Amino acid sequence: MRSLVSIVRAEEETAKSATQKSIELIDGFSDLIGKKSISIKPNLCRPCSSQAGYTTDPAIVEAVIENINRISQCNIQVVETNNSEASADETFRRLGYLDLEKKYPNVKCNNLSKDEKLRVSLDGKIFRTLAVPESMVFSDYIINVAKLKMHADYYYTGVLKNAYGFVLSRERRLQYHGFMHEVLTDLNTFYKPDLSLIDGIMGMEGFGPVEGKPKHIGVVIASKDPVAADSVAAEIVGIKPSKIKYLRYAEKNGLGRINDIEVVGCGIEEVRTKFDFIPLKWYLLGRISMSLQRTSRRLSSLGRLLGLTRSAMSTIGYSELRNRLSMSEMLRLARNTAFRIED
Amino acid sequence: MKHAFEDYQELLRSGLVQAVSVCVPTKLHSQVVVEAAKNGVHVLCEKPLALDLEEADKMLKAASSAGIKLSVGYNLRFLPNHLKVKEYIENSRIGKPIFAKAQLIATGPYGVPDAQIAREAEKRVGCLFDLGAHLADLMIWMFGKPSYVSAYFSAHVPEVKVDDSALTSICFESGLMGEISVAWAPIFNYSAIETSRQIQVTGTRGILESDIFGPSFQFYSTDSLSCKIKGKIKLTPGKFDPKIPFQALSWSYKREIDDFLESVARNKTPSITGEDARESLRLILAAYDSYRNKSTVSLS
């Protein structure tokens with residue numbers, strides 16, 4: 001079966017009705033009945049407005065809430081973590097998200113950075129353990145409401161990249177850039193969205209996701225398949241989805257499809273626009289920076305592994321080590337130490 | 001060293017200490033605790049509280065008359081994973097609990113040289129008494145009062161005259177059915193017996209499995225993120241490392257002592273009271289009665 005993606009033309013004033021239509025076109029809430037605790041994750045990477053191209057328009061989130069409330073009465077939390085400029089609470093306040101709490105009694109804006117932290121054993125592509133906010137553990141339906149932006153390092157940011165906001169530590173967020181494709185696959189496997197929406201009314205081109213220029217596109221995109229939603233959004237702004245490494249990696253790991261997509265509502269050609277990318281020299285410098293970060297982290301882990309090996313050999317010796325651990329266990333231990341991250 | 005004593009009674013009478021930790025063999029708990037109480041000294045007593053209920057009652061009465069704090073070393077209650085599991089049960093995260101199975105395999109006396117095994121086993125009274133006491137305390141703490149108990153014991157080493165494996169079935173007043181399985185076995189590989197050291201709770205909407213010695217627990221419920229992924233998810237409360245199993249255990253001892261000292265300093269009831277310890281002792285003793293009389297014992 002092909003992945004279904006809807007594209008609906010939208011402007012600031014029509015954001016709510018467009019969102020509703022985009023969800024209806026893909027029968028987005030067909031699996032909502034019986035769910036008790038829904039999490040909506042907008043992109044609130046800065047306390048800056050959606051009109052400036054930074055963040056998800058609260059009107060789109062409100063439309064999602066109204067749609068949910070029409071179908072079932074459950075608890076809804078709008079979730080975000082602290083960003084580098086403000087706390088999530090402050091960001092919620094400045095962007096008008098707190099009005100949703102006042103208007104809908106079943107809605108709560110939840111700063112995940114303040115939540116109790118649990119460590120989940122993932123055995124993922126890169127994460128061995130991942131720090132997760134407890135309230136997300138009790139969530140049985142996740143809606144990812146992303147913002148369509150260009151990313152200076154990865155070309156594009158939308159649904160899958162929005163899950164990066166689930167990394168609880170701001171410092172760690174900076175450290176994981178070199179491993180973005182593995183990190184996003186792990187995060188989107190754990191926090192797999194049941195419904196993905198993209199606010200493409202006012203996007204951001206150039207040095208996105210936070211230093212670019214706003215660019216009008218005028219669409220809302222919806223899909224049950226996060227990879228397909230991102231692929232269509234990237235295509236709309238002139239980026240070939242197959243050029244985006246983290247999308248290819250996510251597809252390879254079963255998170256969704258880049259090709260074999262059925263588009264409903266508007267066609268891609270009808271709304272296509274062209275985002276200006278950053279100058280090549282700055283992109284290449286970014287790539288070198290990413291590669292260095294990746295290599296230095298690997299070298300540091302390898303150094304740690306050598307240190308541990310020396311300790312084991314000098315204290316109990318190789319033959320005793322072989323008695324206690326099989327070769328496959330030793331290799332797994334080495335792999336986990338050298339190539340895995342404990343978040 | 002400023003003060004040294006050859007006789008514990010002399011220490012208790014000296015007026016130099018406000019509180020003591022009683023770590024003598026179980027059969028001597030009563031005489032030391034009663035003596036401490038007489039001298040107004042607060043007590044943190046090792047588990048199990050006593051060998052029988054008569055001794056336990058003597059201790060409780062002495063503590064109550066003297067107005068001292070009496071707490072008992074059921075440190076596992078302070079493990080972060082058990083605290084979370086209790087919280088999840090209370091908040092109906094897995095619906096209504098139906099079954100609870102606690103299992104603990106430990107080396108016990110089989111970790112000492114062969115010639116000393118029989119003596120060591122006898123000192124520990126039996127494996128249900130030795131290991132099961134912790135599990136009985138956890139079960140009562142999580143699920144409330146037991147109403148019926150029946151048990152089966154066995155010993156696999158001829159020179160050991162007490163139980164080295166025991167299976168105890170418990171009906172709780174809440175309707176929950178529980179089981180405690182314990183055994184002494186000389187299995188030293190931690191990862192091999194990891195899954196044999198768990199308390200598993202099955203509810204109407206999910207499952208919780210908590211590592212007896214911490215720090216992790218597994219969680220599945222039909223209305224959580226776990227049902228969206230691969231099933232059970234293994235969770236470890238915040239500051240603990242799932243790769244270091246005894247890190248949380250060490251922390252639980254510290255918490256146990258802190259809790260006791262806090263109860264003394266602030267004149268409040270300790271988290272684990274002498275009465276709590278009497279309840280778990282009553283359950284363990286009823287299991288021995290059940291095996292001896294080959295019948296189900298009522299605890300109501």
# chains A, B, ... in the order shown; residues from 1 in each chain; ligands from 1

$ residues_around --residues "Ser17 of chain A" --least-positions-apart "2" --cutoff "12 Å" --atoms "only C-alpha atoms" --output "list in words"
Val8, Arg9, Ala10, Glu11, Glu12, Glu13, Thr14, Ala15, Thr19, Gln20, Lys21, Ser22, Ile23, Glu24, Ala59, Ile60, Val61, Glu62, Ala63, Val64, Glu66, Asn67, Val219 and Val220 of chain A

$ residues_around --residues "segment 133-141 of chain A" --least-positions-apart "4" --cutoff "10 Å" --atoms "only C-alpha atoms" --output "PyMOL selection string"
(chain A and resi 31-32+34-40+75-77+79+81+110-120+166-168+190-195) or (chain B and resi 93+219-228+233+235+237-238)

$ residues_around --residues "segment 43-46 of chain B" --least-positions-apart "4" --cutoff "12 Å" --atoms "only C-alpha atoms" --output "VMD selection string"
chain B and resid 12 17 to 39 50 56 59 to 60 62 to 64 66 to 75 130 133 to 134 253 256 to 264 270 to 274 277

$ atom_distance --atom1 "atom CA of Thr195 of chain B" --atom2 "atom CA of Phe127 of chain A"
23.1 Å

$ residues_around --residues "segment 277-290 of chain A" --least-positions-apart "5" --cutoff "8 Å" --atoms "only C-alpha atoms" --output "list in words"
Met150, Ala152, Asp153, Tyr155, His177, Gly178, Glu205, Gly206 and Phe207 of chain A

$ closest_residue --among "A:Thr337, A:Ser3, A:Asn259, A:Ser242" --to "Leu306 of chain A" --atoms "only C-alpha atoms"
A:Thr337

$ residues_around --residues "segment 41-49 of chain A" --least-positions-apart "5" --cutoff "8 Å" --atoms "only C-alpha atoms" --output "ChimeraX atom specification"
/A:54-57,61,78-80,83-86,88,90-92,94-95,142-147,162,165,210

$ closest_residue --among "B:Phe5, B:Trp251, B:Tyr88, B:Tyr288" --to "chain A" --atoms "only C-alpha atoms"
B:Tyr88

$ atom_distance --atom1 "atom CA of Leu247 of chain A" --atom2 "atom CA of Asp123 of chain A"
20.4 Å

$ select_by_dssp --residues "segment 68-119 of chain B" --states "strand (DSSP E or B)" --output "list of chain:residue names"
B:Leu70, B:Ser71, B:Val72, B:Arg93, B:Gly95, B:Pro97, B:Ile98, B:Phe99, B:Ala100, B:Lys101, B:Ala102, B:Gln103, B:Leu104, B:Ile105, B:Ala106

$ closest_residue --among "A:Leu187, A:Tyr249, A:Ser291, A:Glu235" --to "Val263 of chain A" --atoms "only C-alpha atoms"
A:Glu235

$ residues_around --residues "Arg282 of chain B" --least-positions-apart "3" --cutoff "9 Å" --atoms "only C-alpha atoms" --output "JSON, numbers by chain"
{"B": [52, 53, 277, 278, 279, 285, 286, 287, 299]}

$ write_last_selection --atoms "N, CA and C atoms" --output "compact mmCIF listing (two decimals), in the first residue's frame"
# COMPACT_ATOMS: atom_id res chain seq x y z
N ASP B 52 10.22 -15.62 65.91
CA ASP B 52 8.79 -15.91 66.03
C ASP B 52 8.02 -14.64 66.45
N LEU B 53 6.70 -14.76 66.45
CA LEU B 53 5.88 -13.57 66.71
C LEU B 53 5.95 -13.12 68.17
N ALA B 277 7.33 -5.01 59.79
CA ALA B 277 8.21 -6.17 59.80
C ALA B 277 7.53 -7.37 60.46
N ARG B 278 6.66 -7.09 61.43
CA ARG B 278 5.91 -8.17 62.08
C ARG B 278 4.97 -8.83 61.06
N GLU B 279 4.36 -8.01 60.19
CA GLU B 279 3.43 -8.54 59.18
C GLU B 279 4.14 -9.50 58.22
N LEU B 285 6.14 -17.09 58.65
CA LEU B 285 5.88 -18.16 59.63
C LEU B 285 4.65 -18.98 59.23
N ALA B 286 3.65 -18.31 58.66
CA ALA B 286 2.45 -19.03 58.21
C ALA B 286 2.80 -19.98 57.07
N ALA B 287 3.76 -19.58 56.22
CA ALA B 287 4.18 -20.46 55.13
C ALA B 287 4.83 -21.72 55.70
N LEU B 299 -4.71 -16.02 57.40
CA LEU B 299 -4.04 -14.92 58.13
C LEU B 299 -5.02 -13.83 58.53

$ select_by_dssp --residues "segment 88-280 of chain B" --states "alpha helix (DSSP H)" --output "ChimeraX atom specification"
/B:88-90,117-123,127,133-143,190-193,245-265,274-280

$ closest_residue --among "B:Ile229, B:Val201, B:Ala265, B:Ala100" --to "chain A" --atoms "only C-alpha atoms"
B:Ile229

$ closest_residue --among "B:Leu138, B:Leu51, B:Leu128, B:Leu167" --to "Gln200 of chain B" --atoms "only C-alpha atoms"
B:Leu138

$ closest_residue --among "B:Ile170, B:Leu76, B:Met1, B:Ile94" --to "chain A" --atoms "only C-alpha atoms"
B:Ile94

$ atom_distance --atom1 "atom CA of Ala229 of chain A" --atom2 "atom CA of Ser196 of chain A"
6.9 Å

$ decode --residues "segment 22-90 of chain B" --atoms "C-alpha atoms" --output "JSON list (two decimals), in the first residue's frame"
[["chain", "number", "residue", "atom", "x", "y", "z"],
["B", 22, "VAL", "CA", 21.28, -4.09, 65.38],
["B", 23, "CYS", "CA", 23.03, -6.54, 63.06],
["B", 24, "VAL", "CA", 23.39, -9.56, 65.35],
["B", 25, "PRO", "CA", 21.94, -12.97, 64.27],
["B", 26, "THR", "CA", 18.12, -12.97, 64.16],
["B", 27, "LYS", "CA", 17.74, -15.13, 67.28],
["B", 28, "LEU", "CA", 19.46, -12.39, 69.31],
["B", 29, "HIS", "CA", 17.49, -9.43, 67.89],
["B", 30, "SER", "CA", 14.89, -9.45, 70.62],
["B", 31, "GLN", "CA", 17.24, -9.27, 73.60],
["B", 32, "VAL", "CA", 19.34, -6.47, 72.09],
["B", 33, "VAL", "CA", 16.37, -4.43, 70.88],
["B", 34, "VAL", "CA", 14.52, -4.73, 74.20],
["B", 35, "GLU", "CA", 17.67, -3.65, 76.04],
["B", 36, "ALA", "CA", 18.11, -0.67, 73.71],
["B", 37, "ALA", "CA", 14.50, 0.34, 74.23],
["B", 38, "LYS", "CA", 14.90, 0.16, 78.00],
["B", 39, "ASN", "CA", 17.73, 2.65, 77.69],
["B", 40, "GLY", "CA", 15.80, 4.94, 75.35],
["B", 41, "VAL", "CA", 18.04, 4.14, 72.40],
["B", 42, "HIS", "CA", 16.39, 4.15, 68.94],
["B", 43, "VAL", "CA", 16.87, 1.01, 66.84],
["B", 44, "LEU", "CA", 17.37, 0.12, 63.21],
["B", 45, "CYS", "CA", 17.11, -3.67, 63.31],
["B", 46, "GLU", "CA", 18.25, -6.09, 60.60],
["B", 47, "LYS", "CA", 15.58, -8.22, 58.90],
["B", 48, "PRO", "CA", 13.78, -10.51, 59.66],
["B", 49, "LEU", "CA", 12.59, -8.93, 62.87],
["B", 50, "ALA", "CA", 12.65, -12.12, 64.96],
["B", 51, "LEU", "CA", 12.39, -15.89, 64.84],
["B", 52, "ASP", "CA", 8.79, -15.91, 66.03],
["B", 53, "LEU", "CA", 5.88, -13.57, 66.71],
["B", 54, "GLU", "CA", 6.28, -13.77, 70.48],
["B", 55, "GLU", "CA", 9.79, -12.31, 70.24],
["B", 56, "ALA", "CA", 8.59, -9.75, 67.71],
["B", 57, "ASP", "CA", 5.78, -8.62, 70.00],
["B", 58, "LYS", "CA", 8.21, -8.24, 72.90],
["B", 59, "MET", "CA", 10.30, -5.91, 70.76],
["B", 60, "LEU", "CA", 7.32, -3.89, 69.55],
["B", 61, "LYS", "CA", 5.98, -3.55, 73.08],
["B", 62, "ALA", "CA", 9.36, -2.48, 74.45],
["B", 63, "ALA", "CA", 9.78, 0.09, 71.67],
["B", 64, "SER", "CA", 6.31, 1.48, 72.13],
["B", 65, "SER", "CA", 6.56, 1.75, 75.95],
["B", 66, "ALA", "CA", 9.93, 3.47, 75.72],
["B", 67, "GLY", "CA", 8.77, 5.75, 72.90],
["B", 68, "ILE", "CA", 11.77, 4.89, 70.73],
["B", 69, "LYS", "CA", 11.80, 4.60, 66.95],
["B", 70, "LEU", "CA", 12.09, 1.04, 65.68],
["B", 71, "SER", "CA", 12.76, 0.51, 61.99],
["B", 72, "VAL", "CA", 13.75, -2.67, 60.17],
["B", 73, "GLY", "CA", 16.27, -3.10, 57.35],
["B", 74, "TYR", "CA", 14.03, -3.90, 54.41],
["B", 75, "ASN", "CA", 16.20, -1.73, 52.21],
["B", 76, "LEU", "CA", 14.75, -3.04, 48.93],
["B", 77, "ARG", "CA", 11.73, -0.80, 49.48],
["B", 78, "PHE", "CA", 14.00, 2.18, 48.85],
["B", 79, "LEU", "CA", 15.13, 0.96, 45.45],
["B", 80, "PRO", "CA", 13.99, 3.49, 42.84],
["B", 81, "ASN", "CA", 12.50, 0.83, 40.57],
["B", 82, "HIS", "CA", 10.35, -0.67, 43.34],
["B", 83, "LEU", "CA", 9.20, 2.81, 44.36],
["B", 84, "LYS", "CA", 8.17, 3.47, 40.75],
["B", 85, "VAL", "CA", 6.41, 0.10, 40.44],
["B", 86, "LYS", "CA", 4.45, 0.79, 43.61],
["B", 87, "GLU", "CA", 3.53, 4.24, 42.31],
["B", 88, "TYR", "CA", 2.41, 2.79, 38.94],
["B", 89, "ILE", "CA", 0.30, 0.15, 40.69],
["B", 90, "GLU", "CA", -1.33, 2.78, 42.92]]
